[in-house]
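Engineer: Got structure-v9.txt for you, compact mmCIF, C-alpha atoms and all ligand atoms:
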# COMPACT_ATOMS: atom_id res chain seq x y z
CA MET A 1 134.22 65.67 121.33
CA SER A 2 133.98 65.97 117.56
CA ALA A 3 137.11 65.26 115.48
CA HIS A 4 136.96 68.78 114.10
CA PHE A 5 135.90 72.26 115.18
CA GLU A 6 134.08 74.98 113.31
CA ALA A 7 136.09 78.06 112.40
CA ARG A 8 134.89 81.33 110.88
CA VAL A 9 136.60 82.58 107.74
CA LEU A 10 138.21 85.98 108.34
CA THR A 11 139.96 86.84 105.05
CA VAL A 12 140.41 85.28 101.62
CA HIS A 13 143.20 86.13 99.20
CA HIS A 14 143.24 84.94 95.59
CA TRP A 15 146.82 84.83 94.32
CA THR A 16 145.99 83.48 90.85
CA ASP A 17 143.07 81.69 89.23
CA THR A 18 144.50 78.42 90.56
CA LEU A 19 145.85 79.48 93.97
CA PHE A 20 144.30 81.11 97.03
CA SER A 21 144.76 81.38 100.77
CA PHE A 22 142.51 82.20 103.67
CA THR A 23 142.58 82.92 107.37
CA CYS A 24 140.05 81.75 109.92
CA THR A 25 139.45 81.77 113.65
CA ARG A 26 141.35 79.32 115.83
CA ASP A 27 139.92 77.24 118.65
CA PRO A 28 142.19 78.12 121.60
CA ALA A 29 142.48 74.38 122.36
CA PHE A 30 143.96 73.71 118.89
CA ARG A 31 147.72 73.46 119.32
CA PHE A 32 150.23 72.43 116.67
CA LYS A 33 153.94 72.38 115.95
CA SER A 34 155.42 74.46 113.12
CA GLY A 35 155.47 72.39 109.93
CA GLN A 36 152.47 70.21 110.77
CA PHE A 37 149.24 69.71 108.84
CA THR A 38 145.67 68.91 109.73
CA MET A 39 142.46 67.93 107.96
CA ILE A 40 140.31 70.87 106.91
CA GLY A 41 137.19 71.22 104.82
CA LEU A 42 133.50 71.91 104.54
CA LEU A 43 130.18 70.29 105.27
CA VAL A 44 128.92 68.93 101.94
CA ASP A 45 125.38 67.53 101.91
CA GLY A 46 125.53 67.46 105.69
CA ARG A 47 128.77 65.47 105.85
CA PRO A 48 132.32 66.67 106.47
CA LEU A 49 134.53 66.66 103.36
CA LEU A 50 138.12 67.08 104.54
CA ARG A 51 141.61 67.17 103.02
CA ALA A 52 145.08 67.55 104.51
CA TYR A 53 146.42 71.12 104.67
CA SER A 54 149.59 72.43 106.26
CA MET A 55 149.28 75.41 108.56
CA VAL A 56 150.75 78.58 107.04
CA SER A 57 150.22 80.45 110.30
CA ALA A 58 152.70 80.31 113.14
CA HIS A 59 151.84 78.38 116.30
CA TRP A 60 151.80 81.69 118.18
CA GLU A 61 149.26 83.43 115.91
CA ASP A 62 145.64 83.86 117.05
CA HIS A 63 144.20 82.86 113.71
CA LEU A 64 144.88 79.95 111.34
CA GLU A 65 145.95 80.32 107.72
CA PHE A 66 145.97 77.86 104.82
CA LEU A 67 147.17 77.92 101.20
CA SER A 68 145.23 75.98 98.57
CA ILE A 69 145.11 75.26 94.90
CA LYS A 70 141.79 75.46 93.06
CA VAL A 71 140.85 72.32 91.16
CA GLN A 72 137.73 73.01 89.14
CA ASP A 73 136.36 69.48 89.51
CA GLY A 74 138.05 68.77 92.83
CA PRO A 75 135.54 67.55 95.43
CA LEU A 76 136.75 70.02 98.08
CA THR A 77 138.64 72.83 96.37
CA SER A 78 135.94 73.41 93.72
CA ARG A 79 133.85 74.52 96.72
CA LEU A 80 136.49 75.83 99.11
CA GLN A 81 137.73 78.39 96.55
CA HIS A 82 134.39 80.22 96.87
CA ILE A 83 134.47 80.76 100.65
CA LEU A 84 133.91 84.30 101.91
CA PRO A 85 134.57 86.05 105.22
CA GLY A 86 131.94 84.91 107.71
CA ASP A 87 131.60 81.40 106.24
CA THR A 88 132.28 78.32 108.35
CA VAL A 89 135.09 75.84 107.67
CA LEU A 90 135.92 72.65 109.56
CA ILE A 91 139.35 72.16 111.13
CA GLY A 92 140.57 68.76 112.35
CA ARG A 93 141.67 68.76 115.97
CA LYS A 94 144.65 66.45 115.43
CA PRO A 95 147.65 68.03 113.71
CA VAL A 96 150.37 65.66 112.44
CA GLY A 97 153.38 65.67 110.15
CA THR A 98 157.06 64.98 109.69
CA LEU A 99 158.45 68.45 108.90
CA LEU A 100 159.61 69.05 112.45
CA GLU A 101 162.77 70.86 113.43
CA GLU A 102 163.18 68.43 116.32
CA SER A 103 163.56 65.56 113.81
CA LEU A 104 166.75 67.08 112.39
CA GLN A 105 170.27 67.02 113.75
CA PRO A 106 171.71 70.50 114.33
CA GLY A 107 173.72 71.85 111.40
CA ARG A 108 175.08 74.79 109.44
CA THR A 109 172.38 75.50 106.87
CA LEU A 110 168.75 74.40 106.99
CA TYR A 111 167.25 74.20 103.50
CA LEU A 112 163.45 74.46 103.28
CA LEU A 113 162.63 73.31 99.75
CA GLY A 114 159.06 73.66 98.51
CA THR A 115 157.21 73.67 95.21
CA GLY A 116 153.73 75.11 94.71
CA THR A 117 151.60 74.83 97.86
CA GLY A 118 154.50 72.91 99.39
CA LEU A 119 155.56 76.35 100.64
CA ALA A 120 152.81 76.30 103.29
CA PRO A 121 154.53 74.41 106.16
CA PHE A 122 157.67 76.47 105.65
CA MET A 123 155.73 79.70 106.19
CA SER A 124 154.86 78.40 109.64
CA LEU A 125 158.43 77.26 110.24
CA ILE A 126 160.10 80.54 109.26
CA LYS A 127 157.86 82.37 111.75
CA ASP A 128 158.99 80.12 114.62
CA PRO A 129 162.07 81.40 116.49
CA GLU A 130 163.00 77.78 117.35
CA THR A 131 163.57 76.97 113.68
CA TYR A 132 166.68 79.14 113.80
CA ASP A 133 168.10 77.77 117.07
CA ASN A 134 170.30 75.02 115.66
CA PHE A 135 171.37 76.62 112.37
CA ASP A 136 173.55 79.48 111.20
CA ARG A 137 171.16 80.19 108.39
CA VAL A 138 167.86 79.03 106.90
CA VAL A 139 167.44 79.01 103.11
CA LEU A 140 163.84 79.00 101.91
CA VAL A 141 163.53 77.90 98.27
CA HIS A 142 160.14 78.16 96.57
CA GLY A 143 159.75 76.76 93.07
CA CYS A 144 156.73 77.63 90.95
CA ARG A 145 155.76 77.72 87.30
CA THR A 146 155.10 81.48 87.25
CA ILE A 147 155.99 84.60 89.21
CA ALA A 148 152.34 85.12 90.18
CA GLU A 149 152.42 81.77 92.00
CA LEU A 150 155.19 82.92 94.35
CA ALA A 151 152.73 83.36 97.19
CA TYR A 152 153.81 85.33 100.27
CA GLU A 153 156.84 86.76 98.47
CA ASP A 154 156.17 90.18 99.95
CA ALA A 155 155.62 88.79 103.45
CA ILE A 156 158.89 86.86 103.30
CA GLU A 157 160.97 89.65 101.78
CA ARG A 158 159.53 92.57 103.72
CA GLU A 159 156.67 92.30 106.29
CA LEU A 160 158.06 89.43 108.36
CA ARG A 161 161.49 91.02 108.48
CA GLU A 162 159.92 93.95 110.36
CA HIS A 163 157.88 91.74 112.70
CA GLU A 164 158.48 92.45 116.38
CA LEU A 165 158.81 88.80 117.42
CA VAL A 166 160.77 87.25 114.53
CA GLY A 167 161.95 90.16 112.36
CA GLU A 168 165.44 90.28 113.79
CA LEU A 169 165.97 86.53 113.36
CA LEU A 170 164.74 86.62 109.77
CA ARG A 171 167.00 89.54 108.94
CA ALA A 172 169.96 87.74 110.47
CA LYS A 173 169.39 84.19 109.22
CA LEU A 174 166.71 83.78 106.54
CA ILE A 175 167.68 83.69 102.86
CA TYR A 176 164.77 83.54 100.41
CA TYR A 177 165.32 82.04 96.96
CA PRO A 178 162.21 82.07 94.74
CA THR A 179 162.55 80.36 91.38
CA VAL A 180 160.20 79.89 88.44
CA THR A 181 160.28 77.42 85.57
CA ARG A 182 158.00 78.79 82.88
CA GLU A 183 158.81 82.48 82.45
CA PRO A 184 161.85 84.74 82.81
CA PHE A 185 162.76 85.68 86.38
CA ARG A 186 165.86 86.49 88.40
CA HIS A 187 166.10 82.82 89.44
CA GLN A 188 164.99 80.19 86.98
CA GLY A 189 164.91 76.41 87.00
CA ARG A 190 163.65 73.50 89.02
CA VAL A 191 164.61 73.21 92.67
CA THR A 192 166.22 69.84 91.94
CA GLU A 193 168.48 71.16 89.18
CA LEU A 194 169.44 74.23 91.22
CA MET A 195 170.36 72.15 94.27
CA PHE A 196 172.07 69.22 92.55
CA SER A 197 174.15 71.41 90.22
CA GLY A 198 175.25 73.72 93.04
CA ARG A 199 173.89 76.69 91.11
CA LEU A 200 171.74 77.82 94.02
CA GLN A 201 174.70 77.79 96.41
CA SER A 202 176.89 79.69 93.98
CA ASP A 203 174.12 82.29 93.43
CA LEU A 204 173.94 82.80 97.20
CA GLY A 205 177.65 82.60 97.90
CA LEU A 206 177.22 79.45 99.99
CA GLU A 207 179.35 76.31 100.14
CA ARG A 208 178.29 73.22 98.22
CA LEU A 209 175.68 70.99 99.81
CA ASP A 210 177.32 68.84 102.49
CA ARG A 211 175.56 66.06 104.37
CA ALA A 212 177.83 66.58 107.36
CA LYS A 213 176.67 70.16 107.82
CA ASP A 214 173.44 70.79 105.94
CA ARG A 215 169.86 69.72 106.65
CA ILE A 216 166.91 69.58 104.29
CA MET A 217 163.15 69.79 104.71
CA LEU A 218 161.23 68.98 101.56
CA CYS A 219 157.58 69.53 100.62
CA GLY A 220 156.24 69.45 97.09
CA SER A 221 155.18 67.45 94.09
CA PRO A 222 155.68 63.67 93.94
CA GLY A 223 158.30 64.15 91.19
CA LEU A 224 160.36 66.50 93.35
CA LEU A 225 160.21 64.08 96.26
CA ALA A 226 161.15 61.09 94.10
CA ASP A 227 164.15 62.91 92.60
CA PHE A 228 165.38 63.96 96.04
CA GLN A 229 164.81 60.52 97.51
CA ALA A 230 167.04 59.05 94.81
CA PHE A 231 169.67 61.69 95.65
CA PHE A 232 169.43 61.00 99.40
CA LYS A 233 169.78 57.28 98.81
CA GLN A 234 172.75 57.71 96.51
CA HIS A 235 174.55 59.97 98.97
CA ASP A 236 173.59 58.07 102.17
CA TRP A 237 171.58 60.88 103.76
CA VAL A 238 169.71 59.71 106.87
CA GLU A 239 165.99 60.45 107.16
CA GLY A 240 164.78 61.98 110.41
CA THR A 241 161.81 60.38 112.15
CA GLY A 242 159.76 60.98 115.28
CA THR A 243 162.21 58.87 117.26
CA ARG A 244 165.55 59.52 115.54
CA GLN A 245 167.04 62.80 114.39
CA GLY A 246 168.30 62.73 110.81
CA GLU A 247 169.66 64.86 108.02
CA TYR A 248 166.42 65.39 106.10
CA VAL A 249 162.63 65.10 106.42
CA ILE A 250 159.99 64.92 103.70
CA GLU A 251 156.29 65.65 103.27
CA LYS A 252 154.30 65.57 100.09
CA ALA A 253 152.27 68.63 99.17
CA PHE A 254 148.64 67.69 99.58
CA VAL A 255 147.32 68.27 96.10
CA GLU A 256 143.70 67.36 95.50
CA LYS A 257 143.22 64.87 92.72
P1 LIG B 301 158.00 72.55 85.71
O1 LIG B 301 157.37 73.82 85.26
O2 LIG B 301 159.31 72.27 85.03
O3 LIG B 301 157.06 71.38 85.67
P2 LIG B 301 153.23 72.24 89.75
O4 LIG B 301 152.57 73.57 89.50
O5 LIG B 301 153.06 71.25 88.64
O6 LIG B 301 152.91 71.67 91.10
O7 LIG B 301 154.80 72.54 89.78
C1 LIG B 301 155.35 73.46 90.68
C2 LIG B 301 156.81 73.62 90.36
O8 LIG B 301 157.49 72.37 90.62
C3 LIG B 301 157.06 73.94 88.89
O9 LIG B 301 158.04 74.95 88.82
C4 LIG B 301 157.53 72.63 88.32
O10 LIG B 301 158.44 72.78 87.25
C5 LIG B 301 158.27 72.05 89.49
N1 LIG B 301 158.48 70.60 89.40
C6 LIG B 301 157.67 69.67 88.86
N2 LIG B 301 158.20 68.45 88.95
C7 LIG B 301 159.41 68.60 89.54
C8 LIG B 301 160.47 67.72 89.89
N3 LIG B 301 160.41 66.40 89.65
N4 LIG B 301 161.56 68.25 90.49
C9 LIG B 301 161.63 69.58 90.72
N5 LIG B 301 160.68 70.45 90.41
C10 LIG B 301 159.58 69.98 89.83
Taking this structure as input, can you express it in the form of structure tokens?
Ligand code: A2P
Structural biologist:
Amino acid sequence: MSAHFEARVLTVHHWTDTLFSFTCTRDPAFRFKSGQFTMIGLLVDGRPLLRAYSMVSAHWEDHLEFLSIKVQDGPLTSRLQHILPGDTVLIGRKPVGTLLEESLQPGRTLYLLGTGTGLAPFMSLIKDPETYDNFDRVVLVHGCRTIAELAYEDAIERELREHELVGELLRAKLIYYPTVTREPFRHQGRVTELMFSGRLQSDLGLERLDRAKDRIMLCGSPGLLADFQAFFKQHDWVEGTGTRQGEYVIEKAFVEK
């Protein structure tokens, strides 16, 4: 069997001139866990050109959804940004990734911290009832440069809270904290500053970050990951792996160079 399957593009949504998302059909045999990624792409000159993308869609949805930046000279995204409904995309059959709820010890608050397209795996996770099992609350923080880049804001704040499968859980447990760095907004500043200063917790009326009770999933730019890794090291946080539950897990956002 081929390493990937062909999927048909269903919808395309352009959030900004550098950010878009699309949905496509799903091979019924393609199974994944919330938070995972797979290789996706296009045939270019008869050969598959693939990059890693996290699933935005929930594991229980019939279709697949992905969020992508547009890099004008990027080998894949310079082409992928022009896809239209009816076009064919390639989807790798082998999902992988570290942002798994099962890799974390149970706790009080689960923080899902993403910048830019690093939001993608968390969209899948917040739609999975199991994400909420071991936590009193889930705080989704999305950091972007501009308000327009806060993709899925409406889905997170409204649509999903009315959803028949997960709406009740989201209303009871999900707190959404969007923040931007380059224009005025109700929340401003980098995710790192907001978390390390305790500003985010005081804005939300939550207790200060506590390794004994809180868990973190992180997905974003290399700088964000490096700053958090230094913090985790300094404060003795334990990383979760496939074989050992921990206090945090990390995945880089897959930005095309
Ligand atoms: P900033 O505007 O201060 O660079 P990008 O679009 O470059 O991927 O960035 C997405 C968001 O991540 C921006 O708000 C950006 O803030 C922020 N960011 C960049 N580097 C870091 C970092 N080291 N720690 C936290 N946030 C970061």
Engineer: Any idea what the distance is between atom CA of Leu67 of chain A and atom CA of Thr88 of chain A?
Structural biologist: 16.5 Å
Engineer: Do you know which residues lie at most 8 Å from (143.6, 80.7, 116.1), with coordinates as in the file and all atoms listed in the file counted, and could you write them as a PyMOL selection string?
Structural biologist: chain A and resi 24-28+30+61-64
Engineer: List every residue of chain A that has an atom at most 6 Å from any atom of ligand LIG 301 (chain B), giving for each one its closest atom pair and the distance in Å to one decimal, counting only C-alpha atoms and all ligand atoms, sorted by chain and then by ascending residue number, as CSV.
Structural biologist:
residue,atom,partner,partner_atom,distance
A:Thr115,CA,B:LIG301,O8,4.8
A:Gly116,CA,B:LIG301,C1,4.6
A:Gly143,CA,B:LIG301,O9,4.9
A:Cys144,CA,B:LIG301,O9,3.7
A:Arg145,CA,B:LIG301,O9,3.9
A:Val180,CA,B:LIG301,O9,5.4
A:Thr181,CA,B:LIG301,O1,4.6
A:Arg182,CA,B:LIG301,O1,5.5
A:Arg190,CA,B:LIG301,N5,4.5
A:Val191,CA,B:LIG301,C9,5.1
A:Thr192,CA,B:LIG301,C9,4.8
A:Ser221,CA,B:LIG301,O6,5.6
A:Gly223,CA,B:LIG301,N3,3.4
A:Leu224,CA,B:LIG301,N4,3.6
A:Asp227,CA,B:LIG301,N3,5.9
Engineer: Taking into account only C-alpha atoms, which residue in the set A:Lys127, A:Arg208, A:Arg199, A:His59 is nearest to Leu160 of chain A?
Structural biologist: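 Closest candidate: A:Lys127.
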Engineer: Atom CA of Pro178 of chain A and atom CA of Phe196 of chain A are how many Å apart?
Structural biologist: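 We find that atom CA of Pro178 of chain A and atom CA of Phe196 of chain A lie 16.3 Å from each other.
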Engineer: Nearest to Ile126 of chain A among A:Gly220, A:Gly86, A:Gly246, A:Gly167, with distances taken over all atoms listed in the file: which residue is it?
Structural biologist: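 Going through A:Gly220, A:Gly86, A:Gly246, A:Gly167 one by one, the smallest distance to Ile126 of chain A is for A:Gly167.
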Engineer: What is the distance, in Å and to one decimal place, between atom CA of Thr11 of chain A and atom CA of Ala253 of chain A?
Structural biologist: 22.8 Å
Engineer: I want to know what sits within 10 Å of Thr18 of chain A, based on only C-alpha atoms, with residues of the same chain fewer than 2 positions away left out; could you give that as an MDAnalysis selection string?
Structural biologist: chainID A and resid 14:16 20 68:72 77 81 149
Engineer: Given the choices A:Glu65, A:Glu251, A:Val141, A:Leu104, which gets closest to Pro222 of chain A if the distance is worked out from only C-alpha atoms?
Structural biologist: A:Glu251
Engineer: Got a sec to check which residues sit within 9 Å of (165.8, 63.0, 106.7), counting all atoms listed in the file, and write them as an MDAnalysis selection string?
Structural biologist: chainID A and resid 103:104 215:217 232 237:241 245:250
Engineer: Please, could all heavy atoms be added to segment 169-180 of chain A and the result written as a compact mmCIF listing (two decimals), in the coordinates of the input?
Structural biologist:
# COMPACT_ATOMS: atom_id res chain seq x y z
N LEU A 169 165.45 87.86 113.74
CA LEU A 169 165.97 86.53 113.36
C LEU A 169 165.94 86.35 111.85
O LEU A 169 166.89 85.83 111.26
CB LEU A 169 165.10 85.43 113.99
CG LEU A 169 165.53 84.89 115.34
CD1 LEU A 169 164.48 83.95 115.88
CD2 LEU A 169 166.88 84.19 115.21
N LEU A 170 164.84 86.76 111.23
CA LEU A 170 164.74 86.62 109.77
C LEU A 170 165.81 87.46 109.08
O LEU A 170 166.45 87.01 108.13
CB LEU A 170 163.36 87.03 109.27
CG LEU A 170 162.34 85.89 109.09
CD1 LEU A 170 161.81 85.42 110.42
CD2 LEU A 170 161.21 86.32 108.19
N ARG A 171 166.00 88.67 109.56
CA ARG A 171 167.00 89.54 108.94
C ARG A 171 168.39 88.94 109.08
O ARG A 171 169.23 89.02 108.19
CB ARG A 171 166.95 90.95 109.56
CG ARG A 171 165.72 91.75 109.20
CD ARG A 171 165.89 93.24 109.49
NE ARG A 171 166.17 93.53 110.88
CZ ARG A 171 165.26 93.69 111.85
NH1 ARG A 171 163.97 93.57 111.55
NH2 ARG A 171 165.61 93.96 113.09
N ALA A 172 168.63 88.29 110.21
CA ALA A 172 169.96 87.74 110.47
C ALA A 172 170.20 86.41 109.76
O ALA A 172 171.31 86.12 109.32
CB ALA A 172 170.16 87.56 111.97
N LYS A 173 169.14 85.58 109.63
CA LYS A 173 169.39 84.19 109.22
C LYS A 173 168.62 83.69 108.00
O LYS A 173 168.99 82.66 107.44
CB LYS A 173 169.08 83.25 110.39
CG LYS A 173 170.04 83.40 111.56
CD LYS A 173 169.93 82.21 112.50
CE LYS A 173 171.01 82.25 113.57
NZ LYS A 173 170.96 81.07 114.43
N LEU A 174 167.53 84.36 107.61
CA LEU A 174 166.71 83.78 106.54
C LEU A 174 167.11 84.30 105.16
O LEU A 174 167.14 85.50 104.91
CB LEU A 174 165.23 84.09 106.75
CG LEU A 174 164.31 83.45 105.70
CD1 LEU A 174 164.25 81.93 105.86
CD2 LEU A 174 162.91 84.03 105.76
N ILE A 175 167.42 83.36 104.26
CA ILE A 175 167.68 83.69 102.86
C ILE A 175 166.52 83.12 102.05
O ILE A 175 166.15 81.95 102.20
CB ILE A 175 169.00 83.05 102.39
CG1 ILE A 175 170.18 83.60 103.19
CG2 ILE A 175 169.20 83.29 100.90
CD1 ILE A 175 171.49 82.87 102.94
N TYR A 176 165.92 83.96 101.22
CA TYR A 176 164.77 83.54 100.41
C TYR A 176 165.20 83.44 98.96
O TYR A 176 165.80 84.38 98.42
CB TYR A 176 163.66 84.59 100.59
CG TYR A 176 162.45 84.44 99.70
CD1 TYR A 176 161.73 83.25 99.63
CD2 TYR A 176 162.00 85.52 98.95
CE1 TYR A 176 160.59 83.16 98.84
CE2 TYR A 176 160.86 85.44 98.16
CZ TYR A 176 160.16 84.25 98.11
OH TYR A 176 159.04 84.15 97.32
N TYR A 177 164.91 82.28 98.35
CA TYR A 177 165.32 82.04 96.96
C TYR A 177 164.11 81.55 96.17
O TYR A 177 163.84 80.35 96.10
CB TYR A 177 166.45 81.01 96.95
CG TYR A 177 167.14 80.83 95.60
CD1 TYR A 177 168.39 81.42 95.35
CD2 TYR A 177 166.58 80.05 94.60
CE1 TYR A 177 169.03 81.24 94.14
CE2 TYR A 177 167.22 79.87 93.38
CZ TYR A 177 168.44 80.47 93.16
OH TYR A 177 169.08 80.28 91.95
N PRO A 178 163.34 82.48 95.59
CA PRO A 178 162.21 82.07 94.74
C PRO A 178 162.71 81.72 93.35
O PRO A 178 163.63 82.39 92.85
CB PRO A 178 161.34 83.33 94.71
CG PRO A 178 162.28 84.47 94.92
CD PRO A 178 163.48 83.95 95.69
N THR A 179 162.13 80.71 92.75
CA THR A 179 162.55 80.36 91.38
C THR A 179 161.33 79.91 90.57
O THR A 179 160.42 79.26 91.09
CB THR A 179 163.64 79.26 91.40
OG1 THR A 179 163.94 78.88 90.04
CG2 THR A 179 163.21 78.03 92.17
N VAL A 180 161.32 80.30 89.29
CA VAL A 180 160.20 79.89 88.44
C VAL A 180 160.72 79.14 87.20
O VAL A 180 161.88 79.30 86.81
CB VAL A 180 159.32 81.09 87.99
CG1 VAL A 180 158.81 81.88 89.18
CG2 VAL A 180 160.05 81.99 87.04
